[in-house]
$ cat input_17.cif   # mmCIF, C-alpha atoms
data_run
loop_
_atom_site.label_atom_id
_atom_site.label_comp_id
_atom_site.auth_asym_id
_atom_site.auth_seq_id
_atom_site.Cartn_x
_atom_site.Cartn_y
_atom_site.Cartn_z
CA MET A 258 51.64 -89.29 110.09
CA ASP A 259 52.04 -92.88 108.87
CA ASP A 260 48.83 -94.73 108.04
CA VAL A 261 47.78 -97.11 110.82
CA THR A 262 46.79 -100.61 109.78
CA PRO A 263 43.60 -101.71 111.58
CA ALA A 264 44.10 -104.70 113.86
CA PRO A 265 40.62 -106.05 114.65
CA ASP A 266 41.99 -109.47 115.67
CA ARG A 267 44.34 -108.17 118.31
CA THR A 268 45.39 -110.61 120.97
CA PRO A 269 46.39 -109.92 124.58
CA ALA A 270 49.99 -110.57 123.52
CA ASP A 271 49.66 -107.92 120.79
CA VAL A 272 48.36 -105.38 123.29
CA ARG A 273 51.21 -106.08 125.71
CA ARG A 274 53.78 -105.77 122.92
CA TRP A 275 52.30 -102.50 121.63
CA ARG A 276 52.28 -101.04 125.12
CA ARG A 277 55.96 -101.94 125.47
CA TYR A 278 56.67 -100.25 122.13
CA LEU A 279 54.74 -97.20 123.28
CA ALA A 280 56.73 -97.00 126.51
CA ALA A 281 60.00 -97.38 124.61
CA GLU A 282 59.11 -94.61 122.14
CA ARG A 283 58.18 -92.25 124.97
CA ALA A 284 61.41 -93.02 126.81
CA GLU A 285 63.58 -92.59 123.71
CA ALA A 286 61.90 -89.27 122.87
CA ALA A 287 62.67 -88.10 126.41
CA VAL A 288 66.31 -89.14 125.98
CA TYR A 289 66.67 -87.08 122.82
CA ARG A 290 64.99 -84.07 124.43
CA ASP A 291 67.32 -84.32 127.44
CA LEU A 292 70.34 -84.58 125.15
CA ALA A 293 69.09 -81.60 123.12
CA SER A 294 68.86 -79.52 126.29
CA ARG A 295 72.64 -79.89 126.63
CA ARG A 296 73.43 -78.97 123.03
CA ARG A 297 73.31 -75.84 120.93
CA GLY A 298 72.94 -75.06 117.27
CA GLU A 299 72.74 -77.81 114.70
CA GLU A 300 73.15 -80.74 117.10
CA ARG A 301 70.26 -79.46 119.21
CA GLU A 302 68.02 -79.20 116.14
CA ILE A 303 68.92 -82.72 115.02
CA LEU A 304 68.18 -84.21 118.44
CA LEU A 305 64.84 -82.40 118.67
CA ALA A 306 63.96 -83.72 115.21
CA LEU A 307 64.71 -87.25 116.41
CA ALA A 308 62.47 -86.67 119.44
CA ALA A 309 59.68 -85.50 117.12
CA ALA A 310 60.06 -88.66 115.02
CA GLU A 311 59.77 -90.83 118.14
CA LYS A 312 56.63 -88.86 119.00
CA ARG A 313 55.12 -89.85 115.63
CA HIS A 314 55.91 -93.50 116.36
CA GLU A 315 54.36 -93.11 119.79
CA GLN A 316 51.14 -91.86 118.21
CA HIS A 317 51.05 -94.92 115.94
CA TRP A 318 50.89 -97.27 118.92
CA ILE A 319 48.37 -95.06 120.72
CA ASP A 320 46.09 -95.25 117.67
CA LEU A 321 46.44 -99.03 117.48
CA LEU A 322 45.83 -99.53 121.18
CA GLY A 323 42.78 -97.28 121.37
CA ASP A 324 40.98 -97.95 124.63
CA ASP A 325 43.64 -100.50 125.59
CA VAL A 326 46.38 -97.89 125.94
CA GLY A 327 46.02 -98.06 129.74
CA MET A 328 48.34 -96.47 132.25
CA PRO A 329 51.79 -95.46 130.94
CA LEU A 330 54.39 -98.17 131.31
CA GLN A 331 58.06 -97.63 132.01
CA GLY A 332 60.55 -98.36 129.26
CA ASP A 333 62.84 -101.36 129.55
CA LEU A 334 65.81 -101.24 131.91
CA ARG A 335 68.28 -100.27 129.18
CA THR A 336 66.19 -97.33 128.03
CA ARG A 337 65.61 -96.13 131.60
CA PHE A 338 69.34 -96.30 132.27
CA LEU A 339 69.97 -94.37 129.06
CA ALA A 340 67.46 -91.71 130.15
CA PHE A 341 69.18 -91.46 133.55
CA LEU A 342 72.56 -90.84 131.88
CA ALA A 343 71.08 -88.35 129.41
CA ARG A 344 69.52 -86.28 132.21
CA ARG A 345 72.70 -86.15 134.26
CA PHE A 346 75.63 -86.40 131.89
CA GLY A 347 74.90 -86.25 128.18
CA GLY A 348 77.96 -86.62 125.98
CA VAL A 349 79.37 -89.22 123.64
CA PHE A 350 78.75 -92.14 126.02
CA VAL A 351 75.01 -91.53 125.97
CA LEU A 352 75.00 -91.09 122.19
CA ALA A 353 76.88 -94.38 121.82
CA LEU A 354 74.28 -96.11 123.98
CA ALA A 355 71.48 -94.46 121.99
CA GLN A 356 73.08 -95.76 118.80
CA ARG A 357 72.94 -99.31 120.16
CA ALA A 358 69.34 -98.80 121.27
CA GLU A 359 68.30 -97.73 117.76
CA ALA A 360 70.11 -100.75 116.31
CA ARG A 361 67.97 -103.10 118.45
CA SER A 362 64.70 -102.02 116.82
CA THR A 363 62.50 -104.95 115.75
CA TYR A 364 59.94 -102.95 113.77
CA GLU A 365 60.95 -104.53 110.46
CA LEU A 366 59.89 -107.91 111.89
CA ASP A 367 56.58 -106.70 113.33
CA GLU A 368 53.60 -106.77 111.01
CA HIS A 369 51.87 -103.98 112.94
CA ALA A 370 54.75 -101.52 112.54
CA THR A 371 54.76 -99.65 109.25
CA ALA A 372 57.60 -99.84 106.76
CA GLN A 373 58.17 -96.12 107.29
CA MET A 374 58.68 -96.67 111.01
CA ALA A 375 61.21 -99.44 110.40
CA ALA A 376 63.03 -97.23 107.92
CA ASP A 377 62.99 -94.36 110.42
CA GLU A 378 64.69 -96.48 113.06
CA GLN A 379 67.44 -97.52 110.64
CA ILE A 380 68.04 -93.91 109.66
CA HIS A 381 67.95 -92.84 113.31
CA GLU A 382 70.81 -95.24 114.00
CA GLU A 383 72.89 -93.55 111.31
CA VAL A 384 71.99 -90.07 112.56
CA VAL A 385 72.99 -90.94 116.13
CA ARG A 386 76.11 -92.71 114.85
CA SER A 387 77.14 -89.49 113.08
CA LEU A 388 76.50 -87.38 116.18
CA ALA A 389 78.43 -89.85 118.32
CA THR A 390 81.28 -89.84 115.80
CA ARG A 391 81.78 -86.13 116.39
CA GLY A 392 82.32 -86.83 120.06
CA ARG A 393 84.49 -89.86 119.33
CA ASN A 394 86.68 -87.73 117.09
CA ARG A 395 87.11 -85.14 119.80
CA LEU A 396 88.05 -87.88 122.26
CA SER A 397 90.07 -90.10 119.98
CA GLY A 398 93.58 -88.76 120.58
CA THR A 399 93.59 -88.41 124.35
CA PHE A 400 91.13 -91.26 124.92
CA ARG A 401 93.20 -93.66 122.82
CA ALA A 402 96.27 -92.79 124.88
CA ALA A 403 94.31 -93.17 128.13
CA VAL A 404 92.79 -96.57 127.31
CA PHE A 405 95.99 -97.90 125.82
CA GLY A 406 97.97 -96.64 128.81
CA ALA A 407 95.63 -98.15 131.40
CA ASN A 408 95.51 -101.54 129.69
CA ASP A 409 99.23 -101.61 129.11
CA GLY A 410 99.84 -100.78 132.76
CA LEU A 411 97.45 -103.47 133.96
CA VAL A 412 98.76 -106.21 131.72
CA SER A 413 102.48 -105.44 131.73
CA ASN A 414 102.77 -104.96 135.48
CA LEU A 415 100.59 -107.96 136.25
CA ALA A 416 102.80 -110.03 133.97
CA LEU A 417 105.90 -108.56 135.62
CA VAL A 418 104.65 -109.20 139.16
CA LEU A 419 103.46 -112.73 138.38
CA GLY A 420 106.62 -113.59 136.48
CA ILE A 421 108.91 -112.35 139.26
CA GLY A 422 106.72 -113.92 141.94
CA ALA A 423 106.72 -117.28 140.20
CA SER A 424 110.52 -117.33 140.23
CA GLY A 425 110.41 -117.65 144.02
CA VAL A 426 111.89 -114.32 145.12
CA ALA A 427 110.91 -112.58 148.36
CA THR A 428 107.73 -110.50 148.65
CA GLY A 429 109.78 -107.30 149.13
CA THR A 430 111.55 -107.92 145.86
CA ILE A 431 108.21 -108.38 144.05
CA LEU A 432 106.96 -105.08 145.49
CA VAL A 433 110.07 -103.14 144.50
CA THR A 434 109.98 -104.69 141.03
CA GLY A 435 106.31 -103.75 140.61
CA VAL A 436 106.89 -100.13 141.65
CA ALA A 437 109.93 -99.86 139.40
CA GLY A 438 107.90 -101.28 136.50
CA LEU A 439 105.15 -98.75 137.20
CA LEU A 440 107.49 -95.75 137.09
CA ALA A 441 109.54 -96.95 134.15
CA GLY A 442 106.49 -97.89 132.09
CA ALA A 443 104.57 -94.69 132.88
CA LEU A 444 107.50 -92.46 131.94
CA SER A 445 108.15 -94.46 128.79
CA MET A 446 104.50 -94.34 127.74
CA GLY A 447 104.22 -90.62 128.40
CA ALA A 448 107.35 -89.81 126.44
CA GLY A 449 106.35 -92.09 123.59
CA GLU A 450 102.87 -90.57 123.29
CA TYR A 451 104.29 -87.04 123.34
CA VAL A 452 106.71 -87.81 120.52
CA SER A 453 104.08 -89.72 118.53
CA VAL A 454 101.33 -87.10 118.70
CA ARG A 455 103.73 -84.20 118.27
CA SER A 456 105.21 -85.79 115.16
CA GLN A 457 101.74 -86.51 113.79
CA ARG A 458 100.64 -82.91 114.28
CA GLU A 459 103.80 -81.62 112.60
CA LEU A 460 103.14 -83.85 109.59
CA LEU A 461 99.58 -82.52 109.38
CA GLU A 462 100.76 -78.94 109.67
CA ALA A 463 103.14 -79.53 106.77
CA SER A 464 100.20 -80.79 104.68
CA THR A 465 97.83 -77.90 105.55
CA PRO A 466 97.39 -75.33 102.73
CA ASP A 467 99.23 -72.07 103.40
CA PRO A 468 96.62 -69.28 103.80
CA GLU A 469 99.19 -66.80 102.50
CA ALA A 470 98.99 -68.47 99.08
CA THR A 471 95.56 -66.91 98.53
CA ARG A 472 97.22 -63.51 98.18
CA ALA A 473 98.76 -64.66 94.90
CA LEU A 474 95.40 -65.36 93.25
CA PRO A 475 94.66 -61.81 91.96
CA HIS A 476 98.04 -61.79 90.20
CA LEU A 477 97.79 -65.12 88.38
CA ASP A 478 97.93 -65.24 84.61
CA VAL A 479 94.28 -65.89 83.69
CA ASP A 480 95.26 -67.61 80.45
CA ALA A 481 97.83 -69.91 82.02
CA ASN A 482 95.75 -70.35 85.17
CA GLU A 483 98.31 -72.35 87.14
CA LEU A 484 95.74 -72.61 89.91
CA ALA A 485 94.50 -75.69 88.05
CA LEU A 486 97.78 -77.40 88.91
CA VAL A 487 96.94 -77.08 92.61
CA TYR A 488 93.69 -78.95 92.16
CA ARG A 489 95.29 -81.55 89.91
CA ALA A 490 97.96 -82.16 92.56
CA ARG A 491 95.13 -82.80 95.03
CA GLY A 492 93.69 -85.56 92.89
CA LEU A 493 91.23 -83.93 90.48
CA GLU A 494 91.25 -84.89 86.82
CA ALA A 495 92.71 -82.26 84.51
CA GLU A 496 89.33 -81.13 83.15
CA ALA A 497 87.71 -80.91 86.59
CA ALA A 498 90.73 -79.07 87.99
CA GLN A 499 90.61 -76.56 85.14
CA THR A 500 86.88 -76.01 85.65
CA ARG A 501 87.31 -75.35 89.35
CA ALA A 502 90.25 -73.02 88.78
CA ASP A 503 88.30 -71.08 86.12
CA ALA A 504 85.38 -70.74 88.52
CA VAL A 505 87.61 -69.41 91.32
CA LEU A 506 89.21 -66.79 89.07
CA ALA A 507 85.87 -65.85 87.54
CA ARG A 508 84.43 -65.14 90.98
CA LEU A 509 87.54 -63.16 91.83
CA ALA A 510 87.14 -61.02 88.70
CA ALA A 511 83.40 -60.50 89.24
CA THR A 512 83.28 -59.84 92.98
CA GLY A 513 86.83 -59.26 94.10
CA ALA A 514 86.37 -62.02 96.69
CA VAL A 515 89.50 -64.06 97.24
CA GLU A 516 88.66 -67.74 97.77
CA GLY A 517 90.86 -69.78 100.04
CA LEU A 518 92.87 -72.79 98.93
CA GLY A 519 91.57 -75.34 101.42
CA ASP A 520 91.35 -78.93 100.23
CA ASP A 521 87.63 -78.50 99.49
CA GLY A 522 88.18 -75.32 97.55
CA GLY A 523 86.83 -73.21 100.43
CA GLU A 524 88.55 -71.40 103.24
CA PRO A 525 91.39 -73.26 104.89
CA ALA A 526 90.42 -75.13 107.99
CA ASP A 527 91.25 -73.63 111.34
CA GLY A 528 94.38 -75.15 112.85
CA ASP A 529 92.56 -76.44 115.91
CA ASP A 530 89.93 -78.15 113.73
CA VAL A 531 92.60 -79.81 111.60
CA HIS A 532 94.15 -81.43 114.66
CA GLU A 533 90.97 -81.96 116.67
CA THR A 534 90.89 -85.71 116.09
CA HIS A 535 94.52 -86.17 117.19
CA GLY A 536 94.52 -84.33 120.52
CA THR A 537 97.48 -82.40 121.89
CA ALA A 538 100.90 -83.86 122.50
CA TRP A 539 100.93 -82.85 126.17
CA GLY A 540 97.36 -84.06 126.66
CA ALA A 541 98.22 -87.45 125.21
CA ALA A 542 101.46 -87.69 127.21
CA ILE A 543 99.88 -86.76 130.54
CA SER A 544 96.89 -89.05 129.96
CA SER A 545 99.16 -91.92 128.98
CA PHE A 546 101.41 -91.41 132.02
CA CYS A 547 98.53 -91.14 134.50
CA PHE A 548 96.50 -94.01 133.11
CA PHE A 549 99.50 -96.32 132.77
CA ALA A 550 100.39 -95.57 136.38
CA SER A 551 96.80 -96.08 137.54
CA GLY A 552 96.70 -99.43 135.74
CA ALA A 553 100.17 -100.54 136.81
CA VAL A 554 99.51 -99.88 140.51
CA VAL A 555 96.58 -102.34 140.59
CA PRO A 556 98.68 -105.57 140.50
CA VAL A 557 100.93 -104.11 143.22
CA LEU A 558 98.10 -103.23 145.63
CA PRO A 559 97.92 -106.65 147.35
CA TYR A 560 101.65 -106.48 148.10
CA LEU A 561 101.36 -102.88 149.32
CA VAL A 562 98.82 -103.95 151.95
CA GLY A 563 101.03 -106.81 153.15
CA MET A 564 99.60 -109.82 151.32
CA GLU A 565 101.97 -112.61 150.31
CA GLY A 566 102.13 -115.81 148.31
CA LEU A 567 99.16 -117.29 146.49
CA GLY A 568 96.69 -114.95 148.20
CA ALA A 569 98.46 -111.91 146.76
CA VAL A 570 98.56 -113.49 143.31
CA VAL A 571 94.84 -114.29 143.34
CA ALA A 572 93.95 -110.81 144.63
CA ALA A 573 96.09 -109.15 141.96
CA CYS A 574 94.46 -111.24 139.22
CA VAL A 575 90.95 -110.45 140.45
CA LEU A 576 91.61 -106.70 140.68
CA VAL A 577 93.22 -106.60 137.24
CA GLY A 578 90.40 -108.68 135.78
CA VAL A 579 87.79 -106.20 137.02
CA CYS A 580 89.74 -103.27 135.59
CA LEU A 581 90.28 -104.99 132.24
CA ALA A 582 86.57 -105.78 132.00
CA VAL A 583 85.64 -102.16 132.76
CA THR A 584 88.02 -100.64 130.21
CA GLY A 585 86.91 -103.15 127.61
CA ALA A 586 83.25 -102.40 128.26
CA VAL A 587 83.83 -98.63 128.06
CA THR A 588 85.66 -99.02 124.78
CA GLY A 589 82.82 -101.17 123.48
CA LEU A 590 80.24 -98.56 124.46
CA LEU A 591 82.15 -95.76 122.77
CA SER A 592 82.66 -97.77 119.60
CA GLY A 593 78.99 -98.77 119.45
CA THR A 594 79.76 -102.48 119.79
CA SER A 595 78.88 -104.98 122.50
CA PRO A 596 80.53 -104.00 125.80
CA VAL A 597 80.38 -107.63 126.95
CA THR A 598 82.30 -108.85 123.90
CA ARG A 599 84.95 -106.16 124.30
CA ALA A 600 85.28 -106.89 128.02
CA LEU A 601 85.79 -110.61 127.39
CA ARG A 602 88.34 -109.86 124.69
CA GLN A 603 90.29 -107.62 127.07
CA LEU A 604 90.26 -110.33 129.72
CA ALA A 605 91.44 -113.00 127.29
CA ILE A 606 94.31 -110.87 125.98
CA GLY A 607 95.38 -109.59 129.40
CA PHE A 608 95.34 -112.90 131.22
CA GLY A 609 96.82 -114.68 128.22
CA ALA A 610 99.89 -112.43 128.32
CA ALA A 611 100.17 -112.62 132.11
CA GLY A 612 99.75 -116.40 132.07
CA VAL A 613 102.60 -116.88 129.63
CA THR A 614 104.86 -114.70 131.77
CA TYR A 615 103.89 -116.61 134.91
CA VAL A 616 104.78 -119.93 133.27
CA LEU A 617 108.12 -118.53 132.14
CA GLY A 618 108.74 -117.29 135.69
CA LEU A 619 108.05 -120.76 137.05
CA ALA A 620 110.45 -122.26 134.54
CA PHE A 621 113.12 -119.69 135.33
CA GLY A 622 112.71 -120.25 139.08
CA THR A 623 113.02 -124.01 138.64
CA THR A 624 116.13 -123.61 136.48
CA VAL A 625 117.81 -121.25 138.98
CA ALA A 626 116.92 -123.53 141.88
#
$ encode --input "input_17.cif" --output "structure tokens"
Amino acid sequence: MDDVTPAPDRTPADVRRWRRYLAAERAEAAVYRDLASRRRGEEREILLALAAAEKRHEQHWIDLLGDDVGMPLQGDLRTRFLAFLARRFGGVFVLALAQRAEARSTYELDEHATAQMAADEQIHEEVVRSLATRGRNRLSGTFRAAVFGANDGLVSNLALVLGIGASGVATGTILVTGVAGLLAGALSMGAGEYVSVRSQRELLEASTPDPEATRALPHLDVDANELALVYRARGLEAEAAQTRADAVLARLAATGAVEGLGDDGGEPADGDDVHETHGTAWGAAISSFCFFASGAVVPVLPYLVGMEGLGAVVAACVLVGVCLAVTGAVTGLLSGTSPVTRALRQLAIGFGAAGVTYVLGLAFGTTVA
């Protein structure tokens, strides 16, 4: 345990701050334990180790507080919300929130927190970042298509509806145009994502070492050792490539074990692992189609329920604004950045594009009139 610096001149403010720290450490330890209960293997062990570290920090504040420890306090609202999500959902969203929570540590600025504790919190952020990255990688292909599809549907159809509406056409025409834009955009997005991801996977497959090549190893000329050329082609210097090739053939001669030709010199990666971060072509296509359609229908909703004129325009803008803010915030959470900043950026981009289209529609309507 870290040494505790005596604090004989504690003030009431110190005691209140330490009790808040204590509550936060207890809450964060509970979050990691709840997350660990939903994991197996290595991830479970890592999360339990993080919980044990928070327990050590908790003991530090208990020792400082002494008789002033008082009744347990609740953690702050963010930590309690994080604990709620961890108990009920787990997953990459909670890890992303935990990463942000670790990044907010102020121990390095507090004279009563030890240097080891401050260092622990910085390392914890990196540990949680790495755990969250695993989940982000698993989500990246399909999630990218989903978020991109939803935002594209929201912005493009809002721009289409506003632009057509500003030209002065009838409400029925706006509605038909919005529905046509929804279907055309969703089909286009789905087809484009399928082709994109499928092509990407085919390129990766072409770059994956052929496991059948390992069968040639026992028959290589030991003196020529052309295996070194494989490693040189993968970027190793000539001497390092020769050393690795000699080691592979030496193990083969000594044990009879045939080593794979994966990029790291070990067994080739499983095909599913190689493509894990890119998702499946059908998964990306279906996600893109569905999320584009779900986004594109939002600007049309006011017209579907019979609204007209300025009221329909305002309602469409409000609905789209809420959706843009939500998707931006979710993206911010997953990326470990500020959800508020990402939400505002989404709003600025979306309404900027729609505003330009609306102005052009006004100009076109004036010209036609």
$ atom_distance --input "input_17.cif" --atom1 "CA of Ala306 in chain A" --atom2 "CA of Gln356 in chain A"
15.5 Å
$ resolve_selection --input "input_17.cif" --expression "the PyMOL selection byres ((chain A and resi 313-318) around 12)" --output "ChimeraX atom specification"
/A:258-264,271-287,306-312,319-327,329,364,369-378
$ atom_distance --input "input_17.cif" --atom1 "CA of Gln603 in chain A" --atom2 "CA of Glu450 in chain A"
21.5 Å
$ atom_distance --input "input_17.cif" --atom1 "CA of Met446 in chain A" --atom2 "CA of Val616 in chain A"
26.2 Å
$ closest_residue --input "input_17.cif" --among "A:Arg267, A:Gly589, A:Asn414, A:Gly442" --to "Val555 in chain A" --atoms "all atoms listed in the file"
A:Asn414
$ residues_around --input "input_17.cif" --residues "range 565-567 of chain A" --least-positions-apart "5" --cutoff "8 Å" --atoms "all atoms listed in the file" --output "short mmCIF file (atom, residue, chain, number, x, y, z; two decimals) with C-alpha atoms, in the coordinates of the input"
data_model
loop_
_atom_site.label_atom_id
_atom_site.label_comp_id
_atom_site.auth_asym_id
_atom_site.auth_seq_id
_atom_site.Cartn_x
_atom_site.Cartn_y
_atom_site.Cartn_z
CA THR A 428 107.73 -110.50 148.65
CA PRO A 559 97.92 -106.65 147.35
CA TYR A 560 101.65 -106.48 148.10
#
